[in-house]
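First the structure, in the form of structure tokens, and then the observations on it.
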Amino acid sequence: MPLTIPTRPVSPHSVNAPHSRAKRGVAMPDKLWPQHSVLTISRLNMTQEQKDLVQHNINKWAPHTNLYLKFIDSPNGDIRITADNNSHAGWSSVGTDAKNVPLSKPTMSIGFKDSPDGIAATVQHEFGHALGLKHEHQHPDRTLDLNRQNIYDEYESRRQFSYEADNNIIRTFSRPQVTASANYDDKSIMHYGFPASRLNGGPPIPRNFKLSEDDKKFMQSLYPEDKTLLGKLLNSSIRAMISSSPT
Ligand SMILES: [Zn+2]
């Protein structure tokens with residue numbers, strides 16, 4: 001049976017969003033999912049252990065959004081995650097771009113050829129993209145002094161193109177292009193690690209393995225909680241309905 005959600009009153013979040021609260025991050029404002037919507041998530045070609053690991057790490061974002069994340073057994077979720085056992089890397093559509101992906105294709109890939117901590121970090125990072133986040137190291141105010149040539153060489157050695165290095169690392173966003181926080185957060189799960197080889201100077205930045213406090217606050221600012229009595233009531237009834245509905 002299709003899941004039906006009660007119609008919510010238009011919420012005043014856009015005016016009440018806590019924009020003054022300190023938060024850090026970069027997001028695509030036109031690619032956010034509708035507020036308070038249900039996102040169904042399919043885990044394709046995974047062992048039960050891989051499914052559990054993916055769900056556990058996606059759920060680290062859940063308390064910091066107003067979305068309802070529902071893991072389903074059918075392959076036609078809004079977000080469709082494939083396992084790549086031969087890679088340590090991952091990729092994902094950004095936010096609602098996933099709707100433009102044909103239903104027969106995944107919207108996200110997780111590389112499982114990595115340490116457990118590395119896989120956990122990949123899942124959290126890629127799901128950040130799925131919720132609409134971009135790379136924190138491309139924040140308008142980033143302070144990195146990149147060694148572009150070394151980064152291009154690194155991409156070339158992996159048989160990747162220089163435009164991919166441009167898109168994923170080198171170019172920064174301008175403020176009109178994105179919703180960016182006032183501050184740049186090099187502890188963000190959306191920030192790559194930058195060893196000395198990728199930099200002309202300055203301290204290397206280690207890879208991050210968990211959501212930073214600013215990741216949580218920034219996500220809350222994008223998908224703010226409805227703190228009214230009606231909002232809380234709807235929230236708990238929708239959660240109860242989702243957990244009891246068949247997959
Ligand atoms: Zn990424």
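How things are named: the first chain in the structure tokens is A, the next is B, and so on; residues count from 1 in each chain; ligands count from 1 in the order shown.
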
Please identify every polymer residue within 12 Å of ligand 1, using only C-alpha atoms and all ligand atoms, and present the set as a count of residues only. 39

Within 9 Å of A:Gly202, counting only C-alpha atoms, which residues qualify if same-chain residues fewer than 2 places away don't, as a PyMOL selection string? chain A and resi 144-145+196+199-200+204

Output as a list in words all residues of stretch 101-202 of chain A that backbone DSSP marks as alpha helix (DSSP H). Pro116, Asp117, Gly118, Ile119, Ala120, Ala121, Thr122, Val123, Gln124, His125, Glu126, Phe127, Gly128, His129, Ala130, Arg148, Gln149, Asn150, Ile151, Tyr152, Asp153, Glu154, Tyr155, Glu156, Ser157, Ser162, Tyr163, Glu164 and Ala165 of chain A

Taking only stretch 70-166 of chain A into account, list the residues labelled strand (DSSP E) by DSSP (computed from the backbone), as a list of chain:residue names. A:Lys70, A:Phe71, A:Ile72, A:Ile79, A:Arg80, A:Ile81, A:Thr82, A:Ala83, A:Asp84, A:Trp91, A:Ser92, A:Met108, A:Ser109, A:Ile110, A:Gly111

Please provide as a list in words all residues within 8 Å of A:Ile72, with the sequence filter that same-chain residues fewer than 6 positions apart are discarded (counting only C-alpha atoms). Thr40, Ile41, Ser42, Arg43 and Thr247 of chain A

Residues within 7 Å of A:Gly111, please, as a list in words. Count only C-alpha atoms; anything in the same chain fewer than 2 positions from it doesn't count. Ala83, Asp84, Asn85, Asn86, Ser87, His88, Ala89, Gly90, Ser109 and Lys113 of chain A

All residues 10 Å or closer to A:Gly77, only C-alpha atoms, same chain fewer than 2 positions away omitted, as an MDAnalysis selection string: chainID A and resid 39:43 70:75 79:81 103 106:107

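Around A:Asp153, within 12 Å and counting only C-alpha atoms, the residues found are A:Asn147, A:Arg159, A:Gln160, A:Phe161, A:Ser162, A:Glu164, A:Ala165, A:Ser197, A:Arg198, once anything fewer than 6 positions away on its own chain is removed.
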
Please, could you write that set of residues out with C-alpha atoms as a PDB file, in the first residue's frame?
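And here is the file that came out, out07.pdb:
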```
ATOM      1  CA  ASN A 147      48.856  22.506  -5.104  1.00  0.00           C
ATOM      2  CA  ARG A 159      42.759   7.684 -14.817  1.00  0.00           C
ATOM      3  CA  GLN A 160      40.390  10.464 -13.874  1.00  0.00           C
ATOM      4  CA  PHE A 161      40.005  13.709 -15.766  1.00  0.00           C
ATOM      5  CA  SER A 162      41.218  17.153 -14.732  1.00  0.00           C
ATOM      6  CA  GLU A 164      36.763  16.022 -12.148  1.00  0.00           C
ATOM      7  CA  ALA A 165      39.513  17.509  -9.978  1.00  0.00           C
ATOM      8  CA  SER A 197      51.067  16.726  -1.297  1.00  0.00           C
ATOM      9  CA  ARG A 198      47.781  18.480  -2.120  1.00  0.00           C
TER      10      ARG A 198
END
```

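From atom CA of A:Asn150 back to atom CA of A:Pro176, the distance works out to 29.5 Å.
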
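Of note, atom CA of A:Leu69 and atom CA of A:Val38 are spaced 6.0 Å apart.
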
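Minimum atom-to-atom distances from A:Lys187, A:Lys99, A:His36, A:His139 to A:Lys216 were compared using only C-alpha atoms, and the lowest value belongs to A:Lys187.
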
What does the structure give for the distance between atom CA of A:Gln55 and atom CA of A:Ala120, in Å to one decimal? 10.1 Å
